[in-house]
Amino acid sequence: MQLRYAFRLDPGPGQRVALARAFGCARVVYNDAVAARERARREGAAFPSAGALSKMLITEAKQGPGRQWLSEVSAVILQQALRDVERAYTNFFASLKGSRQGARVGAPRFRSKRDARQAIRFTANARWKITEAGRLLLPKIGEVKVRWSRRLPSVPSSVTVVRDAAGRFFASFVIETDPGADLARMPEADNLPSVGLDLGLTYFAVLSDGRVIDSPRFLRRAEKKLKKAQQEVSRKQKRSKNREKARLKVAGAHAQVADARREFHHQLSTQLIRESQAVAVEDLAVKALARTRLGKSVHDAGWAQFLAMLEYKAQRYARIFVKVGRFEPTSQVCSVCGVKDGPKPLHVRTWTCTHCGTVHDRDRNAAKNVKQAAGLAVTACRAQVRPGLVPAQREEAGSHGIHTGTRAAQRHSTR
C-alpha cells in the first residue's frame with residue numbers, strides 16, 4: 001500500500017524565496033485553469049482538455065509579456081497544478097452524481113496567496129533526488145536540508161513540499177510499502193486476543209479487557225497559552241508586520257497541539273494493532289457530535305483521525321478492523337445476560353442490570369458489547385464466534401438485542 005512519510009525541512013533564505021516563487025507560480029496556473037473552465041461553463045462551450053490548458057496556460061503563457069516569470073520555476077509543478085484542477089473537478093462531478101463516497105464536495109475555488117497552506121509537488125519527471133549527504137535536491141531551488149527522523153523503506157515516487165500556517169516547511173514522500181516487511185515487523189496474530197473499544201471524553205478509550213486510556217486533552221491544556229497569543233494578534237494593526245509575527249505565534253501554538261495529538265494517536269493505534277489480532281470500534285457520528293455543546297471536547301479528542309489510523313494500520317499489518325453500527329445499543333445492553341435495560345443519561349456512569357443484578361461500569365460494558373456485536377468473542381477453545389440470526393417474533397418489530405458470549409458459545413457447541 002502507498003503511504004506518506006513527512007519530514008521537516010530547513011531551507012535557507014535564498015531557498016525560501018525560491019519556494020515562495022514556486023508556490024506563487026503553481027497558484028497562478030491553478031487559478032488560470034479554474035477561470036478557463038468557469039468561462040467555458042458560462043459561455044456554454046465544452047470544457048478545455050488538459051492538453052489545451054497546458055498549451056495555453058503554460059507553454060504559450062511563458063512566451064507572453066504577462067507570464068514570463070513562469071519560466072523561473074520547474075515546469076513539473078505547473079503541470080501538477082493542472083492535474084490538481086482536473087482532480088478537483090472530477091471529485092466535484094462525482095459528488096454531484098452520488099458516485100463519490102463521503103461528504104459532498106463543492107466546486108473548485110480560486111486559491112489565495114494568503115491561504116494558510118501552500119504546496120507544490122515534484123514527480124519523477126522533475127529529476128529531484130536525495131543526495132549522498134542526505135539533502136533534498138529540488139530543481140531551481142537547490143539542496144534543502146532535511147531533518148531525517150527515520151529511514152525511507154523504499155524509493156519514493158514523488159515528493160510534495162508543504163508550507164503550513166505556522167511557516168514550517170515539510171517534505172512529504174509517497175512510499176510503496178513492502179507487505180512482507182510489514183508483516184515481519186509485527187508478532188503473529190494467531191495467539192493474540194481481540195479487543196473492543198469504547199471511545200469517550202472522560203477517558204479517551206476504555207477497552208473490553210479492562211484497560212483505560214486517559215484523555216490527554218491537548219487543546220484544553222493549551223487554552224491559556226492560545227488565549228494570550230490570540231489577544232496579542234487582536235492588539236496589532238491589521239496587515240502590519242507585527243500582526244503577521246503574532247499570527248505566526250498563534251499558528252505555531254495550534255501546530256504544537258495538533259502535533260502532540262497526532263503523535264498520541266499514532267502511538268496508541270500502533271500499540272493496539274501490535275497487541276491484538278482484531279479491533280472493534282463503534283462507528284461514531286463525529287460531525288454530528290461536534291455540533292453539540294461538547295463540540296470543543298469532541299474536536300480535542302480527534303476520534304476521526306484515530307479511527308482512520310487504526311483502519312489503515314490494520315490493513316497494512318493484516319489485522320482485522322470492524323466498525324459496529326452507531327445505532328447498536330452498546331450502552332443499554334447487559335454484557336452478561338444480554339438484556340436491554342433502556343437508555344441512560346450521560347451522568348450515569350455505573351448501573352445495575354435489573355435481570356441478573358450485575359453492576360456495570362458504563363464504558364467497560366459498552367466496550368464488551370462492541371466486541372460482542374462485532375463477532376469477536378471467543379469460546380473456551382479459542383474459536384471465533386459471530387452472532388447468529390434470530391427470527392423476530394410476530395408481535396415484535398425490533399431485534400432481540402445482543403447475544404452474550406455464554407449463549408453464543410452454547411449455540412456454537414450445538415452446531
# chains A, B, ... in the order shown; residues from 1 in each chain; ligands from 1
$ residues_around --residues "segment 101-115 of chain A" --least-positions-apart "4" --cutoff "9 Å" --atoms "only C-alpha atoms" --output "ChimeraX atom specification"
/A:23-24,27-28,30-32,34-35,85,88-89,91-96,165
$ residues_around --residues "segment 49-52 of chain A" --least-positions-apart "4" --cutoff "10 Å" --atoms "only C-alpha atoms" --output "mmCIF file with N, CA and C atoms, in the first residue's frame"
data_model
loop_
_atom_site.group_PDB
_atom_site.id
_atom_site.type_symbol
_atom_site.label_atom_id
_atom_site.label_comp_id
_atom_site.auth_asym_id
_atom_site.auth_seq_id
_atom_site.Cartn_x
_atom_site.Cartn_y
_atom_site.Cartn_z
ATOM 1 N N ALA A 33 -6.497 27.980 -14.681
ATOM 2 C CA ALA A 33 -7.237 26.819 -15.163
ATOM 3 C C ALA A 33 -8.686 26.845 -14.674
ATOM 4 N N ARG A 37 -12.095 27.178 -17.176
ATOM 5 C CA ARG A 37 -13.225 26.261 -17.153
ATOM 6 C C ARG A 37 -14.513 26.964 -16.751
ATOM 7 N N MET A 56 -2.043 26.403 -23.438
ATOM 8 C CA MET A 56 -2.448 27.804 -23.338
ATOM 9 C C MET A 56 -1.897 28.474 -22.088
ATOM 10 N N LEU A 57 -1.940 27.783 -20.944
ATOM 11 C CA LEU A 57 -1.616 28.420 -19.665
ATOM 12 C C LEU A 57 -0.153 28.276 -19.268
ATOM 13 N N ILE A 58 0.574 27.368 -19.917
ATOM 14 C CA ILE A 58 1.979 27.176 -19.546
ATOM 15 C C ILE A 58 2.905 27.492 -20.727
ATOM 16 N N GLN A 79 2.583 21.661 -14.254
ATOM 17 C CA GLN A 79 1.745 20.578 -14.777
ATOM 18 C C GLN A 79 0.951 19.908 -13.662
ATOM 19 N N LEU A 82 -2.172 21.772 -12.830
ATOM 20 C CA LEU A 82 -3.278 21.444 -13.734
ATOM 21 C C LEU A 82 -3.905 20.098 -13.374
ATOM 22 N N ARG A 83 -3.079 19.137 -12.948
ATOM 23 C CA ARG A 83 -3.627 17.849 -12.520
ATOM 24 C C ARG A 83 -4.522 18.025 -11.292
ATOM 25 N N VAL A 85 -6.354 20.610 -10.618
ATOM 26 C CA VAL A 85 -7.635 21.165 -11.083
ATOM 27 C C VAL A 85 -8.513 20.064 -11.669
ATOM 28 N N GLU A 86 -7.919 19.203 -12.494
ATOM 29 C CA GLU A 86 -8.686 18.114 -13.087
ATOM 30 C C GLU A 86 -9.249 17.181 -12.010
#
$ residues_around --residues "Cys353 of chain A" --least-positions-apart "2" --cutoff "9 Å" --atoms "only C-alpha atoms" --output "PyMOL selection string"
chain A and resi 333-334+337+339-341+351+355-360
$ closest_atom_pairs --of "segment 288-397 of chain A" --to "segment 166-185 of chain A" --cutoff "9 Å" --atoms "only C-alpha atoms" --output "CSV"
residue,atom,partner,partner_atom,distance
A:Arg316,CA,A:Asp182,CA,7.0
A:Tyr317,CA,A:Leu183,CA,5.6
A:Ala318,CA,A:Leu183,CA,7.3
$ select_by_dssp --residues "segment 162-391 of chain A" --states "strand (DSSP E or B)" --output "count of residues only"
46
$ residues_around --residues "Leu9 of chain A" --least-positions-apart "6" --cutoff "10 Å" --atoms "only C-alpha atoms" --output "PDB file with N, CA and C atoms, in the first residue's frame"
ATOM      1  N   ARG A 135      20.595  15.495   1.709  1.00  0.00           N
ATOM      2  CA  ARG A 135      19.802  16.689   1.389  1.00  0.00           C
ATOM      3  C   ARG A 135      18.850  16.400   0.241  1.00  0.00           C
ATOM      4  N   LEU A 136      17.795  17.195   0.165  1.00  0.00           N
ATOM      5  CA  LEU A 136      16.791  17.041  -0.877  1.00  0.00           C
ATOM      6  C   LEU A 136      17.082  18.041  -1.993  1.00  0.00           C
ATOM      7  N   VAL A 144      18.118  21.241  -0.178  1.00  0.00           N
ATOM      8  CA  VAL A 144      17.447  21.679   1.041  1.00  0.00           C
ATOM      9  C   VAL A 144      17.777  20.690   2.153  1.00  0.00           C
ATOM     10  N   LYS A 145      18.072  21.207   3.326  1.00  0.00           N
ATOM     11  CA  LYS A 145      18.387  20.364   4.476  1.00  0.00           C
ATOM     12  C   LYS A 145      17.113  19.702   4.996  1.00  0.00           C
ATOM     13  N   VAL A 146      17.228  18.405   5.296  1.00  0.00           N
ATOM     14  CA  VAL A 146      16.086  17.617   5.773  1.00  0.00           C
ATOM     15  C   VAL A 146      16.398  17.087   7.162  1.00  0.00           C
ATOM     16  N   ARG A 147      15.431  17.146   8.057  1.00  0.00           N
ATOM     17  CA  ARG A 147      15.565  16.552   9.383  1.00  0.00           C
ATOM     18  C   ARG A 147      15.039  15.108   9.319  1.00  0.00           C
ATOM     19  N   TRP A 148      15.943  14.190   9.044  1.00  0.00           N
ATOM     20  CA  TRP A 148      15.545  12.792   8.907  1.00  0.00           C
ATOM     21  C   TRP A 148      15.293  12.192  10.285  1.00  0.00           C
ATOM     22  N   VAL A 161       6.279  19.428  -1.334  1.00  0.00           N
ATOM     23  CA  VAL A 161       6.824  20.395  -0.396  1.00  0.00           C
ATOM     24  C   VAL A 161       5.664  21.255   0.105  1.00  0.00           C
ATOM     25  N   VAL A 162       5.495  21.297   1.421  1.00  0.00           N
ATOM     26  CA  VAL A 162       4.344  21.954   2.034  1.00  0.00           C
ATOM     27  C   VAL A 162       4.838  23.026   2.997  1.00  0.00           C
ATOM     28  N   ARG A 163       4.183  24.172   2.961  1.00  0.00           N
ATOM     29  CA  ARG A 163       4.385  25.203   3.980  1.00  0.00           C
ATOM     30  C   ARG A 163       3.073  25.360   4.731  1.00  0.00           C
ATOM     31  N   ARG A 168       6.200  26.619   8.726  1.00  0.00           N
ATOM     32  CA  ARG A 168       7.137  25.498   8.687  1.00  0.00           C
ATOM     33  C   ARG A 168       7.074  24.817   7.324  1.00  0.00           C
ATOM     34  N   PHE A 169       8.199  24.244   6.912  1.00  0.00           N
ATOM     35  CA  PHE A 169       8.287  23.549   5.634  1.00  0.00           C
ATOM     36  C   PHE A 169       8.446  22.050   5.883  1.00  0.00           C
ATOM     37  N   PHE A 170       7.740  21.255   5.077  1.00  0.00           N
ATOM     38  CA  PHE A 170       7.798  19.802   5.187  1.00  0.00           C
ATOM     39  C   PHE A 170       7.943  19.202   3.793  1.00  0.00           C
ATOM     40  N   ALA A 171       8.609  18.051   3.748  1.00  0.00           N
ATOM     41  CA  ALA A 171       8.700  17.248   2.530  1.00  0.00           C
ATOM     42  C   ALA A 171       7.917  15.964   2.769  1.00  0.00           C
TER      43      ALA A 171
END
$ atom_distance --atom1 "atom CA of Ala45 of chain A" --atom2 "atom CA of Pro65 of chain A"
27.3 Å
$ closest_residue --among "A:His266, A:Lys368, A:Lys227, A:Arg239" --to "Ser194 of chain A" --atoms "only C-alpha atoms"
A:Lys368
$ atom_distance --atom1 "atom CA of Ser74 of chain A" --atom2 "atom CA of Glu143 of chain A"
14.7 Å
$ select_by_dssp --residues "segment 87-116 of chain A" --states "alpha helix (DSSP H)" --output "list in words"
Arg87, Ala88, Tyr89, Thr90, Asn91, Phe92, Phe93, Ala94, Ser95, Leu96 and Lys97 of chain A
$ write_last_selection --atoms "all heavy atoms" --output "PDB file, in the first residue's frame"
ATOM      1  N   ARG A  87      -8.434  16.884 -11.014  1.00  0.00           N
ATOM      2  CA  ARG A  87      -8.896  16.006  -9.935  1.00  0.00           C
ATOM      3  C   ARG A  87     -10.009  16.684  -9.128  1.00  0.00           C
ATOM      4  O   ARG A  87     -10.970  16.023  -8.701  1.00  0.00           O
ATOM      5  CB  ARG A  87      -7.737  15.635  -9.021  1.00  0.00           C
ATOM      6  CG  ARG A  87      -8.099  14.600  -7.969  1.00  0.00           C
ATOM      7  CD  ARG A  87      -6.938  14.265  -7.067  1.00  0.00           C
ATOM      8  NE  ARG A  87      -5.794  13.739  -7.801  1.00  0.00           N
ATOM      9  CZ  ARG A  87      -4.683  14.413  -8.049  1.00  0.00           C
ATOM     10  NH1 ARG A  87      -4.547  15.664  -7.616  1.00  0.00           N
ATOM     11  NH2 ARG A  87      -3.694  13.858  -8.709  1.00  0.00           N
ATOM     12  N   ALA A  88      -9.887  17.992  -8.906  1.00  0.00           N
ATOM     13  CA  ALA A  88     -10.914  18.712  -8.142  1.00  0.00           C
ATOM     14  C   ALA A  88     -12.252  18.692  -8.876  1.00  0.00           C
ATOM     15  O   ALA A  88     -13.314  18.473  -8.265  1.00  0.00           O
ATOM     16  CB  ALA A  88     -10.457  20.146  -7.887  1.00  0.00           C
ATOM     17  N   TYR A  89     -12.231  18.897 -10.199  1.00  0.00           N
ATOM     18  CA  TYR A  89     -13.480  18.863 -10.959  1.00  0.00           C
ATOM     19  C   TYR A  89     -14.039  17.438 -11.050  1.00  0.00           C
ATOM     20  O   TYR A  89     -15.258  17.232 -11.018  1.00  0.00           O
ATOM     21  CB  TYR A  89     -13.261  19.441 -12.362  1.00  0.00           C
ATOM     22  CG  TYR A  89     -13.407  20.945 -12.409  1.00  0.00           C
ATOM     23  CD1 TYR A  89     -12.290  21.761 -12.473  1.00  0.00           C
ATOM     24  CD2 TYR A  89     -14.663  21.538 -12.392  1.00  0.00           C
ATOM     25  CE1 TYR A  89     -12.407  23.138 -12.520  1.00  0.00           C
ATOM     26  CE2 TYR A  89     -14.800  22.922 -12.434  1.00  0.00           C
ATOM     27  CZ  TYR A  89     -13.671  23.715 -12.492  1.00  0.00           C
ATOM     28  OH  TYR A  89     -13.803  25.086 -12.523  1.00  0.00           O
ATOM     29  N   THR A  90     -13.164  16.447 -11.158  1.00  0.00           N
ATOM     30  CA  THR A  90     -13.636  15.063 -11.178  1.00  0.00           C
ATOM     31  C   THR A  90     -14.345  14.706  -9.886  1.00  0.00           C
ATOM     32  O   THR A  90     -15.431  14.090  -9.893  1.00  0.00           O
ATOM     33  CB  THR A  90     -12.451  14.115 -11.416  1.00  0.00           C
ATOM     34  OG1 THR A  90     -11.828  14.439 -12.668  1.00  0.00           O
ATOM     35  CG2 THR A  90     -12.912  12.671 -11.426  1.00  0.00           C
ATOM     36  N   ASN A  91     -13.758  15.096  -8.765  1.00  0.00           N
ATOM     37  CA  ASN A  91     -14.400  14.833  -7.473  1.00  0.00           C
ATOM     38  C   ASN A  91     -15.710  15.600  -7.331  1.00  0.00           C
ATOM     39  O   ASN A  91     -16.677  15.095  -6.743  1.00  0.00           O
ATOM     40  CB  ASN A  91     -13.454  15.208  -6.340  1.00  0.00           C
ATOM     41  CG  ASN A  91     -12.230  14.313  -6.283  1.00  0.00           C
ATOM     42  OD1 ASN A  91     -12.246  13.195  -6.771  1.00  0.00           O
ATOM     43  ND2 ASN A  91     -11.162  14.813  -5.682  1.00  0.00           N
ATOM     44  N   PHE A  92     -15.750  16.816  -7.855  1.00  0.00           N
ATOM     45  CA  PHE A  92     -16.963  17.629  -7.756  1.00  0.00           C
ATOM     46  C   PHE A  92     -18.118  16.995  -8.530  1.00  0.00           C
ATOM     47  O   PHE A  92     -19.235  16.857  -8.016  1.00  0.00           O
ATOM     48  CB  PHE A  92     -16.677  19.030  -8.275  1.00  0.00           C
ATOM     49  CG  PHE A  92     -17.898  19.894  -8.453  1.00  0.00           C
ATOM     50  CD1 PHE A  92     -18.729  20.172  -7.373  1.00  0.00           C
ATOM     51  CD2 PHE A  92     -18.229  20.405  -9.695  1.00  0.00           C
ATOM     52  CE1 PHE A  92     -19.862  20.966  -7.531  1.00  0.00           C
ATOM     53  CE2 PHE A  92     -19.357  21.193  -9.850  1.00  0.00           C
ATOM     54  CZ  PHE A  92     -20.172  21.468  -8.778  1.00  0.00           C
ATOM     55  N   PHE A  93     -17.864  16.580  -9.789  1.00  0.00           N
ATOM     56  CA  PHE A  93     -18.923  15.981 -10.593  1.00  0.00           C
ATOM     57  C   PHE A  93     -19.328  14.618 -10.051  1.00  0.00           C
ATOM     58  O   PHE A  93     -20.505  14.246 -10.085  1.00  0.00           O
ATOM     59  CB  PHE A  93     -18.469  15.870 -12.049  1.00  0.00           C
ATOM     60  CG  PHE A  93     -18.323  17.209 -12.742  1.00  0.00           C
ATOM     61  CD1 PHE A  93     -17.173  17.521 -13.440  1.00  0.00           C
ATOM     62  CD2 PHE A  93     -19.339  18.137 -12.679  1.00  0.00           C
ATOM     63  CE1 PHE A  93     -17.034  18.745 -14.064  1.00  0.00           C
ATOM     64  CE2 PHE A  93     -19.223  19.377 -13.302  1.00  0.00           C
ATOM     65  CZ  PHE A  93     -18.055  19.678 -14.000  1.00  0.00           C
ATOM     66  N   ALA A  94     -18.347  13.849  -9.532  1.00  0.00           N
ATOM     67  CA  ALA A  94     -18.688  12.552  -8.931  1.00  0.00           C
ATOM     68  C   ALA A  94     -19.534  12.741  -7.676  1.00  0.00           C
ATOM     69  O   ALA A  94     -20.426  11.936  -7.389  1.00  0.00           O
ATOM     70  CB  ALA A  94     -17.414  11.784  -8.602  1.00  0.00           C
ATOM     71  N   SER A  95     -19.266  13.819  -6.940  1.00  0.00           N
ATOM     72  CA  SER A  95     -20.073  14.089  -5.752  1.00  0.00           C
ATOM     73  C   SER A  95     -21.493  14.485  -6.124  1.00  0.00           C
ATOM     74  O   SER A  95     -22.453  14.112  -5.445  1.00  0.00           O
ATOM     75  CB  SER A  95     -19.407  15.189  -4.921  1.00  0.00           C
ATOM     76  OG  SER A  95     -20.153  15.471  -3.761  1.00  0.00           O
ATOM     77  N   LEU A  96     -21.645  15.240  -7.217  1.00  0.00           N
ATOM     78  CA  LEU A  96     -22.990  15.619  -7.672  1.00  0.00           C
ATOM     79  C   LEU A  96     -23.794  14.399  -8.109  1.00  0.00           C
ATOM     80  O   LEU A  96     -25.003  14.319  -7.859  1.00  0.00           O
ATOM     81  CB  LEU A  96     -22.882  16.613  -8.829  1.00  0.00           C
ATOM     82  CG  LEU A  96     -22.427  18.047  -8.492  1.00  0.00           C
ATOM     83  CD1 LEU A  96     -22.387  18.886  -9.757  1.00  0.00           C
ATOM     84  CD2 LEU A  96     -23.343  18.679  -7.470  1.00  0.00           C
ATOM     85  N   LYS A  97     -23.127  13.458  -8.753  1.00  0.00           N
ATOM     86  CA  LYS A  97     -23.817  12.261  -9.226  1.00  0.00           C
ATOM     87  C   LYS A  97     -24.082  11.263  -8.105  1.00  0.00           C
ATOM     88  O   LYS A  97     -24.874  10.329  -8.288  1.00  0.00           O
ATOM     89  CB  LYS A  97     -22.985  11.588 -10.319  1.00  0.00           C
ATOM     90  CG  LYS A  97     -22.830  12.426 -11.572  1.00  0.00           C
ATOM     91  CD  LYS A  97     -21.938  11.719 -12.589  1.00  0.00           C
ATOM     92  CE  LYS A  97     -21.731  12.569 -13.836  1.00  0.00           C
ATOM     93  NZ  LYS A  97     -20.828  11.885 -14.808  1.00  0.00           N
TER      94      LYS A  97
END
$ closest_residue --among "A:Glu132, A:Glu328, A:Glu43, A:Asp363" --to "Thr202 of chain A" --atoms "only C-alpha atoms"
A:Asp363
$ residues_around --residues "Arg150 of chain A" --least-positions-apart "6" --cutoff "12 Å" --atoms "only C-alpha atoms" --output "PyMOL selection string"
chain A and resi 5-8+134
$ residues_around --residues "Val250 of chain A" --least-positions-apart "5" --cutoff "10 Å" --atoms "only C-alpha atoms" --output "list of chain:residue names"
A:Ala165, A:Ala166, A:Lys225, A:Leu226, A:Lys227, A:Lys228, A:Ala229, A:Gln230, A:Gln231, A:Glu232, A:Val233, A:Glu244, A:Lys245, A:Ala255
$ closest_residue --among "A:Gly210, A:Thr270, A:Arg235, A:Leu197" --to "Lys323 of chain A" --atoms "only C-alpha atoms"
A:Leu197
$ closest_residue --among "A:Glu60, A:Glu188, A:Glu263, A:Asp209" --to "Gly302 of chain A" --atoms "only C-alpha atoms"
A:Glu263
$ atom_distance --atom1 "atom CA of Pro48 of chain A" --atom2 "atom CA of Ser71 of chain A"
23.0 Å
$ residues_around --residues "Arg274 of chain A" --least-positions-apart "2" --cutoff "7 Å" --atoms "only C-alpha atoms" --output "ChimeraX atom specification"
/A:186-187,270-272,276
